[in-house]
>>> print(open('target16.txt').read())   # compact mmCIF, C-alpha atoms (C1' of nucleotides)
# COMPACT_ATOMS: atom_id res chain seq x y z
CA MET A 28 5.08 16.12 -63.63
CA ARG A 29 4.57 12.57 -62.34
CA GLU A 30 5.68 9.25 -63.67
CA ASN A 31 6.14 9.81 -67.38
CA LYS A 32 9.20 7.87 -68.46
CA SER A 33 9.31 9.05 -72.05
CA GLN A 34 9.37 12.63 -70.89
CA TYR A 35 12.53 11.85 -68.96
CA ALA A 36 13.97 9.92 -71.86
CA VAL A 37 13.67 13.05 -73.99
CA LEU A 38 14.96 15.22 -71.18
CA GLY A 39 17.94 12.91 -70.79
CA LEU A 40 18.91 13.09 -74.44
CA LEU A 41 18.66 16.87 -74.36
CA GLY A 42 20.99 16.65 -71.37
CA MET A 43 23.67 15.37 -73.76
CA GLY A 44 23.33 18.42 -75.96
CA PRO A 45 20.75 20.46 -77.88
CA MET A 46 18.90 18.59 -80.57
CA SER A 47 15.67 18.31 -82.58
CA GLY A 48 12.80 15.87 -82.29
CA TYR A 49 14.09 14.17 -85.38
CA ASP A 50 17.53 13.76 -83.80
CA ILE A 51 15.96 12.29 -80.68
CA LYS A 52 14.17 9.62 -82.67
CA LYS A 53 17.34 8.76 -84.59
CA LYS A 54 19.40 8.58 -81.42
CA PHE A 55 17.03 6.15 -79.78
CA GLU A 56 17.09 3.99 -82.86
CA LYS A 57 20.84 4.06 -83.18
CA ILE A 58 22.07 3.50 -79.66
CA ALA A 59 19.14 2.75 -77.38
CA SER A 60 16.87 0.58 -79.52
CA ASN A 61 17.91 -2.24 -77.23
CA PHE A 62 15.89 -0.89 -74.31
CA TRP A 63 13.86 2.12 -75.42
CA ASN A 64 11.93 3.55 -78.33
CA ALA A 65 9.64 6.48 -78.98
CA SER A 66 7.44 7.57 -81.86
CA TYR A 67 7.17 11.08 -83.31
CA GLY A 68 3.61 11.14 -82.04
CA GLN A 69 5.10 11.15 -78.56
CA ILE A 70 8.32 13.08 -79.04
CA TYR A 71 6.94 16.27 -80.58
CA PRO A 72 4.19 16.83 -78.01
CA ILE A 73 6.68 16.12 -75.22
CA LEU A 74 9.13 18.71 -76.55
CA LYS A 75 6.34 21.25 -76.72
CA ARG A 76 5.37 20.52 -73.13
CA LEU A 77 8.97 20.68 -71.90
CA ALA A 78 9.38 24.10 -73.51
CA GLY A 79 6.05 25.21 -72.02
CA LYS A 80 7.26 24.25 -68.56
CA GLY A 81 10.55 26.05 -68.98
CA LEU A 82 12.58 22.84 -68.93
CA ALA A 83 13.87 23.42 -72.46
CA THR A 84 14.21 26.31 -74.89
CA LYS A 85 13.45 26.20 -78.58
CA SER A 86 15.33 27.79 -81.45
CA ILE A 87 14.96 27.42 -85.18
CA GLU A 88 17.82 26.50 -87.45
CA LYS A 89 17.26 27.26 -91.14
CA GLN A 90 18.61 24.93 -93.76
CA ASP A 91 18.47 25.24 -97.52
CA GLY A 92 16.73 22.53 -99.46
CA LYS A 93 15.72 20.86 -96.21
CA PRO A 94 13.01 21.73 -93.69
CA ASP A 95 13.89 23.93 -90.74
CA ARG A 96 15.22 22.18 -87.68
CA HIS A 97 13.59 23.01 -84.35
CA ILE A 98 16.40 22.70 -81.86
CA TYR A 99 15.63 22.23 -78.18
CA ALA A 100 18.15 22.87 -75.42
CA LEU A 101 17.89 21.92 -71.76
CA THR A 102 17.56 24.78 -69.26
CA GLU A 103 19.06 24.69 -65.76
CA LYS A 104 15.61 23.96 -64.42
CA GLY A 105 15.34 21.09 -66.89
CA ARG A 106 18.66 19.66 -65.78
CA GLU A 107 17.51 19.85 -62.17
CA VAL A 108 14.34 17.90 -62.94
CA LEU A 109 16.36 15.33 -64.88
CA ARG A 110 18.84 14.85 -62.03
CA ARG A 111 16.08 14.44 -59.47
CA TRP A 112 14.58 11.67 -61.58
CA LEU A 113 17.92 9.97 -62.22
CA VAL A 114 18.65 9.48 -58.52
CA GLU A 115 15.18 8.24 -57.67
CA PRO A 116 15.26 4.44 -57.24
CA VAL A 117 13.53 2.45 -59.96
CA ALA A 118 10.41 0.43 -59.16
CA ARG A 119 9.79 -3.22 -59.96
CA GLN A 120 8.60 -3.61 -63.53
CA ILE A 121 6.77 -6.59 -64.96
CA GLY A 122 7.76 -6.88 -68.58
CA ARG A 123 5.14 -8.47 -70.77
CA HIS A 124 6.66 -11.31 -72.73
CA GLU A 125 4.38 -12.48 -75.47
CA ILE A 126 6.43 -15.60 -76.13
CA LEU A 127 5.93 -16.71 -72.53
CA LEU A 128 2.24 -15.99 -72.70
CA LYS A 129 1.95 -18.23 -75.75
CA LEU A 130 4.11 -20.96 -74.31
CA PHE A 131 2.16 -20.84 -71.06
CA PHE A 132 -0.90 -21.92 -73.04
CA GLY A 133 1.17 -24.37 -75.09
CA LYS A 134 -1.02 -27.35 -74.20
CA GLN A 135 -3.77 -25.93 -76.43
CA VAL A 136 -1.70 -26.57 -79.57
CA SER A 137 0.69 -29.26 -80.79
CA LEU A 138 4.28 -29.81 -79.71
CA ALA A 139 5.35 -29.05 -83.27
CA ASP A 140 3.59 -25.68 -83.02
CA ASN A 141 5.37 -24.87 -79.78
CA ILE A 142 8.71 -25.90 -81.22
CA ARG A 143 8.16 -23.67 -84.24
CA GLN A 144 7.27 -20.80 -81.96
CA VAL A 145 10.37 -21.12 -79.78
CA GLU A 146 12.62 -21.61 -82.82
CA HIS A 147 11.29 -18.41 -84.27
CA PHE A 148 11.83 -16.59 -81.00
CA ARG A 149 15.38 -17.91 -80.87
CA ASP A 150 15.98 -16.48 -84.34
CA LEU A 151 14.74 -13.10 -83.14
CA SER A 152 17.14 -13.24 -80.19
CA ILE A 153 20.05 -14.05 -82.46
CA VAL A 154 19.23 -11.04 -84.63
CA GLU A 155 18.92 -8.94 -81.47
CA LEU A 156 22.34 -10.05 -80.24
CA GLY A 157 23.75 -9.10 -83.63
CA ASN A 158 22.20 -5.66 -83.43
CA ILE A 159 23.63 -5.15 -79.97
CA LYS A 160 27.10 -6.04 -81.19
CA VAL A 161 26.75 -3.58 -84.06
CA THR A 162 25.81 -0.87 -81.55
CA GLU A 163 28.80 -1.81 -79.41
CA GLU A 164 31.19 -1.52 -82.35
CA TYR A 165 29.67 1.79 -83.35
CA LEU A 166 30.07 3.22 -79.85
CA LYS A 167 33.61 1.94 -79.39
CA THR A 168 34.88 3.35 -82.67
CA GLU A 169 32.74 6.38 -83.46
CA LYS A 170 32.17 7.60 -79.91
CA LYS A 171 35.64 7.04 -78.46
CA GLY A 172 36.35 9.69 -75.84
CA ASN A 173 32.70 10.61 -75.38
CA PRO A 174 32.06 11.13 -71.66
CA ASN A 175 28.84 9.10 -71.88
CA LEU A 176 30.58 6.11 -73.46
CA ASP A 177 31.12 4.06 -70.30
CA TYR A 178 27.47 4.33 -69.34
CA GLN A 179 26.24 3.57 -72.80
CA LEU A 180 28.41 0.47 -72.96
CA MET A 181 26.88 -0.71 -69.70
CA THR A 182 23.46 -0.73 -71.32
CA VAL A 183 24.94 -2.66 -74.24
CA SER A 184 26.42 -5.14 -71.79
CA TYR A 185 22.98 -5.66 -70.26
CA GLY A 186 21.61 -6.54 -73.66
CA LYS A 187 24.40 -9.05 -74.22
CA HIS A 188 23.90 -10.73 -70.87
CA VAL A 189 20.15 -10.95 -71.16
CA ASN A 190 20.00 -12.03 -74.78
CA SER A 191 22.62 -14.72 -74.24
CA ALA A 192 20.55 -16.03 -71.35
CA ILE A 193 17.47 -16.01 -73.55
CA LEU A 194 19.35 -17.93 -76.22
CA ASN A 195 20.38 -20.55 -73.68
CA TRP A 196 16.82 -20.82 -72.48
CA CYS A 197 15.60 -21.27 -76.06
CA ASN A 198 18.02 -24.12 -76.65
CA GLU A 199 17.17 -25.83 -73.38
CA THR A 200 13.47 -25.42 -73.98
CA LEU A 201 13.74 -26.68 -77.52
CA SER A 202 15.53 -29.85 -76.46
CA GLN A 203 12.91 -30.41 -73.80
CA LEU A 204 10.07 -29.93 -76.27
CA ARG A 205 11.75 -32.30 -78.72
CA LYS A 206 12.16 -34.90 -76.01
CA MET A 207 8.47 -34.55 -75.20
CA ALA A 208 7.64 -35.01 -78.87
CA ASP A 209 9.80 -38.16 -79.04
CA GLU A 210 8.21 -39.67 -75.97
CA LYS A 211 4.77 -39.00 -77.32
CA GLY A 212 5.72 -40.52 -80.68
CA THR A 213 6.96 -43.76 -79.11
CA MET B 23 -10.06 -8.64 -83.33
CA ARG B 24 -6.57 -7.36 -83.98
CA GLU B 25 -3.48 -7.24 -81.87
CA ASN B 26 -4.80 -7.16 -78.34
CA LYS B 27 -2.53 -9.32 -76.20
CA SER B 28 -4.51 -9.06 -72.98
CA GLN B 29 -7.58 -10.33 -74.71
CA TYR B 30 -5.66 -13.44 -75.64
CA ALA B 31 -4.23 -13.73 -72.17
CA VAL B 32 -7.77 -13.91 -70.80
CA LEU B 33 -8.84 -16.26 -73.58
CA GLY B 34 -5.89 -18.49 -72.78
CA LEU B 35 -6.75 -18.78 -69.11
CA LEU B 36 -10.35 -19.60 -69.97
CA GLY B 37 -8.89 -22.30 -72.20
CA MET B 38 -7.65 -24.02 -69.04
CA GLY B 39 -11.13 -24.12 -67.61
CA PRO B 40 -14.13 -21.90 -66.80
CA MET B 41 -13.44 -19.12 -64.34
CA SER B 42 -14.40 -15.64 -63.15
CA GLY B 43 -12.67 -12.31 -63.66
CA TYR B 44 -11.55 -12.50 -60.08
CA ASP B 45 -10.00 -15.92 -60.67
CA ILE B 46 -8.20 -14.62 -63.73
CA LYS B 47 -6.57 -11.83 -61.77
CA LYS B 48 -5.54 -14.22 -59.02
CA LYS B 49 -4.11 -16.71 -61.48
CA PHE B 50 -1.96 -14.11 -63.16
CA GLU B 51 -0.67 -12.98 -59.80
CA LYS B 52 0.03 -16.48 -58.60
CA ILE B 53 1.72 -18.15 -61.55
CA ALA B 54 2.33 -15.60 -64.28
CA SER B 55 3.35 -12.48 -62.40
CA ASN B 56 6.80 -13.11 -63.78
CA PHE B 57 5.80 -12.14 -67.31
CA TRP B 58 2.23 -10.84 -67.33
CA ASN B 59 -0.29 -8.86 -65.30
CA ALA B 60 -3.72 -7.37 -65.77
CA SER B 61 -5.97 -5.08 -63.76
CA TYR B 62 -9.67 -5.53 -63.12
CA GLY B 63 -10.21 -2.41 -65.21
CA GLN B 64 -9.04 -4.48 -68.16
CA ILE B 65 -10.25 -7.94 -67.30
CA TYR B 66 -13.95 -7.23 -66.77
CA PRO B 67 -14.47 -5.26 -70.00
CA ILE B 68 -12.54 -7.94 -71.92
CA LEU B 69 -14.77 -10.71 -70.54
CA LYS B 70 -17.83 -8.74 -71.55
CA ARG B 71 -16.47 -8.29 -75.06
CA LEU B 72 -15.51 -11.95 -75.40
CA ALA B 73 -19.03 -12.98 -74.44
CA GLY B 74 -20.45 -10.42 -76.86
CA LYS B 75 -18.42 -11.94 -79.68
CA GLY B 76 -19.48 -15.46 -78.82
CA LEU B 77 -15.98 -16.51 -77.76
CA ALA B 78 -17.11 -17.22 -74.21
CA THR B 79 -20.36 -17.89 -72.36
CA LYS B 80 -21.35 -16.46 -69.01
CA SER B 81 -23.14 -18.15 -66.15
CA ILE B 82 -23.78 -16.99 -62.61
CA GLU B 83 -22.83 -19.03 -59.60
CA LYS B 84 -24.58 -18.03 -56.37
CA GLN B 85 -22.74 -18.19 -53.10
CA ASP B 86 -24.01 -17.48 -49.64
CA GLY B 87 -22.35 -14.74 -47.69
CA LYS B 88 -20.17 -13.87 -50.68
CA PRO B 89 -21.00 -12.02 -53.92
CA ASP B 90 -22.12 -14.02 -56.93
CA ARG B 91 -19.40 -15.35 -59.19
CA HIS B 92 -19.73 -14.64 -62.91
CA ILE B 93 -18.19 -17.68 -64.52
CA TYR B 94 -17.02 -17.50 -68.12
CA ALA B 95 -16.36 -20.57 -70.23
CA LEU B 96 -14.63 -20.73 -73.61
CA THR B 97 -16.77 -21.67 -76.59
CA GLU B 98 -15.49 -23.72 -79.54
CA LYS B 99 -15.22 -20.51 -81.51
CA GLY B 100 -13.19 -19.01 -78.69
CA ARG B 101 -10.83 -21.96 -78.67
CA GLU B 102 -10.39 -21.60 -82.41
CA VAL B 103 -9.45 -17.95 -82.09
CA LEU B 104 -7.06 -18.79 -79.25
CA ARG B 105 -5.35 -21.52 -81.25
CA ARG B 106 -4.94 -19.29 -84.28
CA TRP B 107 -3.18 -16.72 -82.11
CA LEU B 108 -1.00 -19.29 -80.37
CA VAL B 109 0.53 -20.55 -83.60
CA GLU B 110 1.14 -17.09 -85.03
CA PRO B 111 4.84 -16.22 -84.68
CA VAL B 112 5.67 -13.53 -82.15
CA ALA B 113 7.07 -10.20 -83.31
CA ARG B 114 10.17 -8.48 -82.00
CA GLN B 115 9.41 -6.57 -78.82
CA ILE B 116 11.45 -3.76 -77.36
CA GLY B 117 11.08 -3.92 -73.62
CA ARG B 118 11.42 -0.60 -71.86
CA HIS B 119 13.97 -0.90 -69.11
CA GLU B 120 13.90 2.09 -66.83
CA ILE B 121 17.14 1.14 -65.10
CA LEU B 122 18.96 1.22 -68.44
CA LEU B 123 17.41 4.53 -69.33
CA LYS B 124 18.71 6.00 -66.08
CA LEU B 125 22.13 4.44 -66.39
CA PHE B 126 22.36 5.62 -69.99
CA PHE B 127 22.22 9.18 -68.67
CA GLY B 128 24.49 8.31 -65.74
CA LYS B 129 27.03 11.01 -66.57
CA GLN B 130 24.53 13.64 -65.38
CA VAL B 131 24.83 12.47 -61.78
CA SER B 132 27.60 11.18 -59.51
CA LEU B 133 29.20 7.73 -59.56
CA ALA B 134 27.83 7.19 -56.04
CA ASP B 135 24.32 7.89 -57.35
CA ASN B 136 24.75 5.36 -60.14
CA ILE B 137 26.10 2.77 -57.75
CA ARG B 138 23.13 3.25 -55.44
CA GLN B 139 20.79 2.88 -58.37
CA VAL B 140 22.33 -0.38 -59.62
CA GLU B 141 22.53 -1.79 -56.10
CA HIS B 142 18.86 -1.14 -55.64
CA PHE B 143 18.06 -2.75 -58.96
CA ARG B 144 20.13 -5.76 -57.96
CA ASP B 145 18.06 -6.07 -54.79
CA LEU B 146 14.90 -6.05 -56.87
CA SER B 147 16.28 -8.82 -59.06
CA ILE B 148 17.13 -10.92 -56.03
CA VAL B 149 13.57 -10.56 -54.75
CA GLU B 150 12.31 -11.43 -58.22
CA LEU B 151 14.42 -14.59 -58.34
CA GLY B 152 13.01 -15.54 -54.96
CA ASN B 153 9.45 -15.04 -56.19
CA ILE B 154 10.15 -17.19 -59.21
CA LYS B 155 11.46 -19.99 -57.04
CA VAL B 156 8.35 -19.79 -54.86
CA THR B 157 6.20 -20.12 -57.99
CA GLU B 158 8.29 -23.08 -59.12
CA GLU B 159 7.81 -24.86 -55.79
CA TYR B 160 4.11 -24.15 -55.84
CA LEU B 161 3.73 -25.57 -59.34
CA LYS B 162 5.84 -28.64 -58.67
CA THR B 163 3.98 -29.60 -55.52
CA GLU B 164 0.44 -28.27 -55.87
CA LYS B 165 0.05 -28.72 -59.61
CA LYS B 166 1.71 -32.11 -60.03
CA GLY B 167 0.03 -34.02 -62.85
CA ASN B 168 -1.56 -30.91 -64.34
CA PRO B 169 -1.28 -31.16 -68.15
CA ASN B 170 -0.13 -27.53 -68.34
CA LEU B 171 2.68 -28.06 -65.84
CA ASP B 172 5.52 -28.61 -68.32
CA TYR B 173 4.68 -25.42 -70.19
CA GLN B 174 4.27 -23.38 -67.05
CA LEU B 175 7.64 -24.56 -65.78
CA MET B 176 9.22 -23.41 -69.04
CA THR B 177 8.07 -19.88 -68.32
CA VAL B 178 9.50 -20.20 -64.82
CA SER B 179 12.79 -21.37 -66.30
CA TYR B 180 12.87 -18.28 -68.51
CA GLY B 181 12.58 -16.11 -65.45
CA LYS B 182 15.41 -17.94 -63.74
CA HIS B 183 17.71 -17.66 -66.75
CA VAL B 184 17.02 -14.00 -67.36
CA ASN B 185 17.11 -12.88 -63.73
CA SER B 186 20.36 -14.71 -63.09
CA ALA B 187 21.84 -12.96 -66.11
CA ILE B 188 20.60 -9.64 -64.77
CA LEU B 189 22.17 -10.38 -61.42
CA ASN B 190 25.50 -11.13 -63.08
CA TRP B 191 25.26 -7.92 -65.05
CA CYS B 192 24.53 -5.97 -61.86
CA ASN B 193 27.62 -7.37 -60.16
CA GLU B 194 29.85 -6.72 -63.16
CA THR B 195 28.48 -3.22 -63.58
CA LEU B 196 28.87 -2.47 -59.89
CA SER B 197 32.51 -3.48 -59.86
CA GLN B 198 33.12 -1.37 -62.93
CA LEU B 199 31.43 1.65 -61.37
CA ARG B 200 33.43 1.17 -58.18
CA LYS B 201 36.65 0.98 -60.16
CA MET B 202 35.70 4.21 -61.91
CA ALA B 203 35.05 5.81 -58.53
CA ASP B 204 38.45 4.66 -57.24
CA GLU B 205 40.28 5.99 -60.27
CA LYS B 206 38.56 9.32 -59.97
CA GLY B 207 39.38 9.49 -56.27
CA THR B 208 43.12 8.94 -56.86
C1' DT C 14 -13.74 -2.41 -34.82
C1' DA C 15 -10.61 -2.02 -38.42
C1' DG C 16 -8.81 -4.20 -42.23
C1' DA C 17 -8.40 -7.89 -45.51
C1' DG C 18 -10.63 -10.90 -48.67
C1' DC C 19 -14.46 -11.89 -51.68
C1' DA C 20 -16.55 -10.09 -55.96
C1' DT C 21 -18.20 -7.09 -59.84
C1' DG C 22 -18.10 -3.34 -62.44
C1' DT C 23 -17.57 1.86 -64.52
C1' DA C 24 -15.36 6.44 -65.37
C1' DA C 25 -11.66 9.38 -65.80
C1' DT C 26 -7.28 9.79 -67.24
C1' DA C 27 -2.69 8.82 -68.99
C1' DG C 28 0.35 6.69 -72.21
C1' DG C 29 1.35 5.22 -76.79
C1' DT C 30 0.76 3.85 -81.90
C1' DT C 31 -0.65 4.75 -86.48
C1' DA C 32 -2.44 7.35 -90.01
C1' DC C 33 -2.67 11.63 -92.05
C1' DA C 34 -0.88 16.04 -93.93
C1' DT C 35 2.93 18.61 -96.23
C1' DG C 36 6.85 19.19 -99.32
C1' DA C 37 11.73 19.49 -101.05
C1' DT C 38 16.01 16.82 -102.28
C1' DT C 39 18.80 13.00 -103.34
C1' DA C 40 20.20 8.41 -104.56
C1' DG C 41 19.35 4.22 -107.19
C1' DC D 7 10.60 7.67 -111.95
C1' DT D 8 10.39 5.79 -107.44
C1' DA D 9 11.70 5.41 -102.91
C1' DA D 10 14.14 7.07 -99.13
C1' DT D 11 15.67 10.80 -96.22
C1' DC D 12 14.96 15.08 -94.22
C1' DA D 13 11.64 17.37 -90.97
C1' DT D 14 7.49 18.86 -88.22
C1' DG D 15 3.34 18.27 -86.43
C1' DT D 16 -1.94 16.76 -85.36
C1' DA D 17 -5.94 13.61 -84.86
C1' DA D 18 -8.00 9.38 -84.09
C1' DC D 19 -7.68 5.49 -81.81
C1' DC D 20 -6.31 1.78 -78.69
C1' DT D 21 -4.42 0.11 -74.25
C1' DA D 22 -3.85 0.32 -69.50
C1' DT D 23 -3.94 2.25 -64.72
C1' DT D 24 -6.26 4.28 -60.93
C1' DA D 25 -10.01 5.87 -58.49
C1' DC D 26 -14.61 5.27 -57.43
C1' DA D 27 -18.86 2.67 -56.08
C1' DT D 28 -20.99 -1.20 -53.43
C1' DG D 29 -21.48 -4.48 -49.65
C1' DC D 30 -20.96 -8.81 -46.98
C1' DT D 31 -17.94 -11.90 -43.92
C1' DC D 32 -14.13 -13.32 -41.42
C1' DT D 33 -10.01 -12.62 -38.70
C1' DA D 34 -6.78 -10.08 -35.66
>>> encode(input="target16.txt", output="structure tokens")
Amino acid sequence: MRENKSQYAVLGLLGMGPMSGYDIKKKFEKIASNFWNASYGQIYPILKRLAGKGLATKSIEKQDGKPDRHIYALTEKGREVLRRWLVEPVARQIGRHEILLKLFFGKQVSLADNIRQVEHFRDLSIVELGNIKVTEEYLKTEKKGNPNLDYQLMTVSYGKHVNSAILNWCNETLSQLRKMADEKGT
Amino acid sequence: MRENKSQYAVLGLLGMGPMSGYDIKKKFEKIASNFWNASYGQIYPILKRLAGKGLATKSIEKQDGKPDRHIYALTEKGREVLRRWLVEPVARQIGRHEILLKLFFGKQVSLADNIRQVEHFRDLSIVELGNIKVTEEYLKTEKKGNPNLDYQLMTVSYGKHVNSAILNWCNETLSQLRKMADEKGT
DNA sequence: TAGAGCATGTAATAGGTTACATGATTAG
DNA sequence: CTAATCATGTAACCTATTACATGCTCTA
């Protein structure tokens, strides 16, 4: 087991309690969509592998009218592996920001095109900030008393800080682009 | 040609002037490392494909003592394709933030472990901010008068906004974690 | 004389998305 | 009656990293 992040993401969720692949997907969407996601095409093979390595155990829960649920639970060995990863310092990551890539080449198109692009990106950030606040409310009300709450709210806080900064950048950049358009028009 | 970002990244750089695969790599490292990167294993096959599709032309520049340079230049068709992509609105992207993934599962390890982790991440952000300022200086002095300068500085500004926000979040999170450690110690 | 820089490329592998396949129940 | 939700999984495909292969020159 080397550097597979998603494997640890799944391991981490199992660390909070036994659950199915379906649950894992839902959990990511509900409370971690801000900084992580995973598709079924990844989750199910990972669960299989974790069980194969003895890091999780599988049991089947029958339901009537609905498909069986395949519940995975972390083993002690699994928790060990998770802990070892959690304390390992993170490496520098270069996020790929498509908006910056486009703006970087902005000279190839018109100022109006660039303005449209940044305005649209600003709209996305506003929606994102809204989503984050919904997650925050959900955690604070529905998950009160949960021992993971403090940590989960820290990830929410990150989203608020970063998206506010992005919003400020959008506004600054937009006024600069508009100024450039004015000057050119004169 | 569908949704391949790196292909457009290469196309975009060629839009600034003819250059080699080697140049492309260097350029990304020098002025776009803040938001994009690409390995030779990607760049060379992409250049080949672009030439195959008639979006770029290839010519060989001999040098003495050094290997030949394979220079690619954008064709009109290539510029068309680039422009079409540039004006297309960006989609929502979910960045994967390993630090948040680890912190999210913070309950599985000690407060001291989490503090160490965030401190280390803060150090990375400080280095990052430094790199961004170096890029800014480089652009402002060495690239004065370059028609792409304004746009390139906007991407630098993004980095400054976001990394400052991250730094603030680190400090807030660290004081919260330390408070939690104090309370537990009492 | 060892290592870094110049310069191009391929092959193996890992990581990830999307489409496909199945099938019942429930809400609008 | 149609779409969504529940639920699991595989296969094909695309994207990206790393290792490998080559070989000259310049600097410490």
>>> interface_residues(input="target16.txt", of="chain B", to="chain D", cutoff="8 Å", atoms="only C-alpha atoms (C1' of nucleotides)", output="mmCIF file with C-alpha atoms, in the frame of the given file")
data_model
loop_
_atom_site.group_PDB
_atom_site.id
_atom_site.type_symbol
_atom_site.label_atom_id
_atom_site.label_comp_id
_atom_site.auth_asym_id
_atom_site.auth_seq_id
_atom_site.Cartn_x
_atom_site.Cartn_y
_atom_site.Cartn_z
ATOM 1 C CA SER B 61 -5.970 -5.080 -63.760
ATOM 2 C CA GLY B 63 -10.210 -2.410 -65.210
ATOM 3 C CA GLN B 64 -9.040 -4.480 -68.160
ATOM 4 C CA GLY B 87 -22.350 -14.740 -47.690
ATOM 5 C CA LYS B 88 -20.170 -13.870 -50.680
ATOM 6 C CA PRO B 89 -21.000 -12.020 -53.920
#
>>> residues_around(input="target16.txt", residues="DG22 in chain C", least_positions_apart="2", cutoff="12 Å", atoms="only C-alpha atoms (C1' of nucleotides)", output="list in words")
Gly43, Tyr44, Tyr62, Gly63, Gln64, Ile65, Tyr66, Pro67, Ile68, Leu69, Lys70 and His92 of chain B; DA20 and DA24 of chain C; DC26, DA27 and DT28 of chain D
>>> atom_distance(input="target16.txt", atom1="CA of Phe55 in chain A", atom2="CA of Asn190 in chain A")
19.1 Å
>>> atom_distance(input="target16.txt", atom1="C1' of DA37 in chain C", atom2="CA of Ile98 in chain A")
20.0 Å
>>> closest_atom_pairs(input="target16.txt", of="chain C", to="chain A", cutoff="10 Å", atoms="all atoms listed in the file", output="CSV")
residue,atom,partner,partner_atom,distance
C:DA27,C1',A:Asn31,CA,9.0
C:DG28,C1',A:Asn31,CA,8.2
C:DG29,C1',A:Gln69,CA,7.2
C:DT30,C1',A:Ser66,CA,7.6
C:DT31,C1',A:Gly68,CA,8.9
C:DG36,C1',A:Pro94,CA,8.7
C:DA37,C1',A:Gly92,CA,6.1
C:DT38,C1',A:Gly92,CA,6.4
>>> atom_distance(input="target16.txt", atom1="CA of Tyr94 in chain B", atom2="C1' of DC19 in chain C")
17.6 Å
>>> decode(input="target16.txt", residues="range 44-48 of chain A", atoms="all heavy atoms", output="PDB file, in the first residue's frame")
ATOM      1  N   GLY A  44     -17.244   4.220  11.833  1.00  0.00           N
ATOM      2  CA  GLY A  44     -18.291   3.222  12.059  1.00  0.00           C
ATOM      3  C   GLY A  44     -18.507   2.386  10.816  1.00  0.00           C
ATOM      4  O   GLY A  44     -18.184   2.822   9.716  1.00  0.00           O
ATOM      5  N   PRO A  45     -19.035   1.170  10.981  1.00  0.00           N
ATOM      6  CA  PRO A  45     -19.245   0.276   9.842  1.00  0.00           C
ATOM      7  C   PRO A  45     -20.237   0.877   8.861  1.00  0.00           C
ATOM      8  O   PRO A  45     -21.208   1.514   9.277  1.00  0.00           O
ATOM      9  CB  PRO A  45     -19.837  -0.989  10.487  1.00  0.00           C
ATOM     10  CG  PRO A  45     -19.517  -0.882  11.941  1.00  0.00           C
ATOM     11  CD  PRO A  45     -19.482   0.577  12.250  1.00  0.00           C
ATOM     12  N   MET A  46     -19.998   0.701   7.606  1.00  0.00           N
ATOM     13  CA  MET A  46     -20.950   1.187   6.605  1.00  0.00           C
ATOM     14  C   MET A  46     -20.722   0.534   5.243  1.00  0.00           C
ATOM     15  O   MET A  46     -19.739  -0.177   5.029  1.00  0.00           O
ATOM     16  CB  MET A  46     -20.898   2.703   6.485  1.00  0.00           C
ATOM     17  CG  MET A  46     -19.600   3.297   6.010  1.00  0.00           C
ATOM     18  SD  MET A  46     -19.679   5.113   6.014  1.00  0.00           S
ATOM     19  CE  MET A  46     -19.112   5.465   7.685  1.00  0.00           C
ATOM     20  N   SER A  47     -21.655   0.785   4.335  1.00  0.00           N
ATOM     21  CA  SER A  47     -21.605   0.194   2.993  1.00  0.00           C
ATOM     22  C   SER A  47     -20.967   1.159   2.003  1.00  0.00           C
ATOM     23  O   SER A  47     -20.771   2.338   2.302  1.00  0.00           O
ATOM     24  CB  SER A  47     -23.024  -0.102   2.528  1.00  0.00           C
ATOM     25  OG  SER A  47     -23.716   1.106   2.326  1.00  0.00           O
ATOM     26  N   GLY A  48     -20.674   0.664   0.815  1.00  0.00           N
ATOM     27  CA  GLY A  48     -20.135   1.505  -0.236  1.00  0.00           C
ATOM     28  C   GLY A  48     -21.083   2.648  -0.572  1.00  0.00           C
ATOM     29  O   GLY A  48     -20.653   3.777  -0.808  1.00  0.00           O
TER      30      GLY A  48
END
